[in-house]
Amino acid sequence: MHSTLVSRSLHLILPLTLLLIGCRSASQIMAKSEVDIIENRLPALELAVDPGPLMATEGAYPDDPEKLFDTEMKRNVLEPTDSTVFGYAKLQVTKADVTRKGKGFQAFQMLTLLTPSLLGLPLENYCTDIQAEVQIMDAQGHVLGTYTGSGKSNVRVAMYHGYSQSKAPRLADVEALRQALSQIRPQLAEDADTLRQQLLHTGPVETIVGAAY
């Protein structure tokens, strides 16, 4: 009797442990950054981020939005060698809704000692729906353009072809925000010439600040 209980416990604990630690590495999706450099880059801008409702999802880390925005702008949008700042770019997350699909299936999974998961079925899916906007402002703080994008992610919690329950929420938030930024990029590319002229015409931030004294 005792050995039977131990055996059943081990059969349950092992799959649970694998689901908690995950079988796929999260580092790849976190480090992934799309390279799609716009033709006419903008001069250097001071970056700011307002994560808004994204900070209430309990998924993304506090500095994830800032890191994503910094990487996106410096890799694809801004001049890499321009050290003079000509304005500001602000990312604001206006919507961040998270749903967990398949959560009700977990009771059946437990009753069957996670047999479906052992066969490759996901335990659940974390899905984040994000809407975000990027504002480009000149050195005087005048808004030159507002660009919006949306992203929807679907990250599976699974043993072989998914991520752990501890990593999936963060990955879902990050992937959705990355998609939103990818939608905003071509909009910036389309207005790049006009934005660049306006930013350069107003002058660098240092000049404006110095003139105020």
# chains A, B, ... in the order shown; residues from 1 in each chain; ligands from 1
>>> residues_around(residues="segment 168-179 of chain A", least_positions_apart="6", cutoff="8 Å", atoms="only C-alpha atoms", output="PyMOL selection string")
chain A and resi 26+29-30+54+58-61+64-65+68+126-132+149-157
>>> residues_around(residues="Gln140 of chain A", least_positions_apart="2", cutoff="10 Å", atoms="only C-alpha atoms", output="PyMOL selection string")
chain A and resi 86-88+137-138+142-143+199+202-205+208-209
>>> select_by_dssp(residues="segment 42-151 of chain A", states="alpha helix (DSSP H)", output="ChimeraX atom specification")
/A:64-72,106-111,115-118
>>> atom_distance(atom1="atom CA of Ala192 of chain A", atom2="atom CA of Glu66 of chain A")
22.1 Å
>>> residues_around(residues="segment 34-44 of chain A", least_positions_apart="5", cutoff="8 Å", atoms="only C-alpha atoms", output="PDB file with N, CA and C atoms, in the first residue's frame")
ATOM      1  N   GLU A  72      14.409  48.404 -29.450  1.00  0.00           N
ATOM      2  CA  GLU A  72      13.709  48.658 -30.707  1.00  0.00           C
ATOM      3  C   GLU A  72      14.129  49.983 -31.327  1.00  0.00           C
ATOM      4  N   ARG A  75      18.048  50.095 -32.201  1.00  0.00           N
ATOM      5  CA  ARG A  75      18.457  49.149 -33.237  1.00  0.00           C
ATOM      6  C   ARG A  75      17.839  49.482 -34.594  1.00  0.00           C
ATOM      7  N   ASN A  76      16.599  49.963 -34.599  1.00  0.00           N
ATOM      8  CA  ASN A  76      15.872  50.086 -35.859  1.00  0.00           C
ATOM      9  C   ASN A  76      15.465  51.504 -36.262  1.00  0.00           C
ATOM     10  N   VAL A  77      15.426  52.434 -35.333  1.00  0.00           N
ATOM     11  CA  VAL A  77      14.812  53.734 -35.633  1.00  0.00           C
ATOM     12  C   VAL A  77      15.777  54.906 -35.521  1.00  0.00           C
ATOM     13  N   LEU A  78      16.618  54.932 -34.502  1.00  0.00           N
ATOM     14  CA  LEU A  78      17.457  56.095 -34.235  1.00  0.00           C
ATOM     15  C   LEU A  78      18.857  55.946 -34.814  1.00  0.00           C
ATOM     16  N   GLU A  79      19.479  57.095 -35.104  1.00  0.00           N
ATOM     17  CA  GLU A  79      20.855  57.097 -35.570  1.00  0.00           C
ATOM     18  C   GLU A  79      21.764  56.514 -34.481  1.00  0.00           C
ATOM     19  N   PRO A  80      22.557  55.498 -34.818  1.00  0.00           N
ATOM     20  CA  PRO A  80      23.373  54.840 -33.788  1.00  0.00           C
ATOM     21  C   PRO A  80      24.552  55.674 -33.304  1.00  0.00           C
ATOM     22  N   ASP A  82      24.610  59.153 -33.311  1.00  0.00           N
ATOM     23  CA  ASP A  82      24.199  60.518 -33.009  1.00  0.00           C
ATOM     24  C   ASP A  82      24.086  60.686 -31.498  1.00  0.00           C
ATOM     25  N   SER A  83      24.975  61.489 -30.906  1.00  0.00           N
ATOM     26  CA  SER A  83      24.978  61.670 -29.455  1.00  0.00           C
ATOM     27  C   SER A  83      24.188  62.898 -29.012  1.00  0.00           C
ATOM     28  N   THR A  84      23.848  63.783 -29.940  1.00  0.00           N
ATOM     29  CA  THR A  84      23.073  64.969 -29.602  1.00  0.00           C
ATOM     30  C   THR A  84      21.587  64.636 -29.640  1.00  0.00           C
ATOM     31  N   VAL A  85      20.898  64.920 -28.555  1.00  0.00           N
ATOM     32  CA  VAL A  85      19.486  64.560 -28.434  1.00  0.00           C
ATOM     33  C   VAL A  85      18.615  65.681 -28.987  1.00  0.00           C
ATOM     34  N   PHE A  86      17.741  65.340 -29.919  1.00  0.00           N
ATOM     35  CA  PHE A  86      16.912  66.339 -30.603  1.00  0.00           C
ATOM     36  C   PHE A  86      15.442  66.286 -30.203  1.00  0.00           C
ATOM     37  N   GLY A  87      15.096  65.528 -29.197  1.00  0.00           N
ATOM     38  CA  GLY A  87      13.703  65.454 -28.801  1.00  0.00           C
ATOM     39  C   GLY A  87      13.446  64.239 -27.929  1.00  0.00           C
ATOM     40  N   ARG A 185       6.685  50.440 -36.041  1.00  0.00           N
ATOM     41  CA  ARG A 185       7.908  50.728 -36.794  1.00  0.00           C
ATOM     42  C   ARG A 185       7.656  51.216 -38.229  1.00  0.00           C
ATOM     43  N   PRO A 186       6.829  50.524 -39.044  1.00  0.00           N
ATOM     44  CA  PRO A 186       6.618  51.011 -40.416  1.00  0.00           C
ATOM     45  C   PRO A 186       5.912  52.362 -40.469  1.00  0.00           C
ATOM     46  N   ALA A 189       8.653  54.762 -40.070  1.00  0.00           N
ATOM     47  CA  ALA A 189       9.438  54.778 -41.307  1.00  0.00           C
ATOM     48  C   ALA A 189       8.774  55.658 -42.363  1.00  0.00           C
ATOM     49  N   ALA A 192       9.383  59.267 -41.439  1.00  0.00           N
ATOM     50  CA  ALA A 192      10.751  59.528 -40.972  1.00  0.00           C
ATOM     51  C   ALA A 192      11.333  60.822 -41.536  1.00  0.00           C
ATOM     52  N   ASP A 193      11.148  61.064 -42.821  1.00  0.00           N
ATOM     53  CA  ASP A 193      11.720  62.275 -43.431  1.00  0.00           C
ATOM     54  C   ASP A 193      11.156  63.534 -42.783  1.00  0.00           C
ATOM     55  N   LEU A 195       9.590  63.832 -39.843  1.00  0.00           N
ATOM     56  CA  LEU A 195       9.963  63.896 -38.430  1.00  0.00           C
ATOM     57  C   LEU A 195      11.400  64.380 -38.269  1.00  0.00           C
ATOM     58  N   ARG A 196      12.263  63.853 -39.093  1.00  0.00           N
ATOM     59  CA  ARG A 196      13.677  64.229 -38.997  1.00  0.00           C
ATOM     60  C   ARG A 196      13.866  65.732 -39.244  1.00  0.00           C
ATOM     61  N   LEU A 199      12.520  67.728 -36.224  1.00  0.00           N
ATOM     62  CA  LEU A 199      13.383  67.594 -35.052  1.00  0.00           C
ATOM     63  C   LEU A 199      14.653  68.432 -35.209  1.00  0.00           C
ATOM     64  N   LEU A 200      15.253  68.361 -36.378  1.00  0.00           N
ATOM     65  CA  LEU A 200      16.485  69.119 -36.618  1.00  0.00           C
ATOM     66  C   LEU A 200      16.209  70.621 -36.659  1.00  0.00           C
TER      67      LEU A 200
END
>>> closest_residue(among="A:Ala180, A:Leu45, A:Ala158, A:Ala96", to="Thr57 of chain A", atoms="only C-alpha atoms")
A:Ala96
>>> closest_residue(among="A:Ile184, A:Met73, A:Val98, A:Val134", to="Asp50 of chain A", atoms="only C-alpha atoms")
A:Val134
>>> atom_distance(atom1="atom CA of Leu47 of chain A", atom2="atom CA of Thr71 of chain A")
10.8 Å
>>> atom_distance(atom1="atom CA of Val49 of chain A", atom2="atom CA of Gln92 of chain A")
5.9 Å
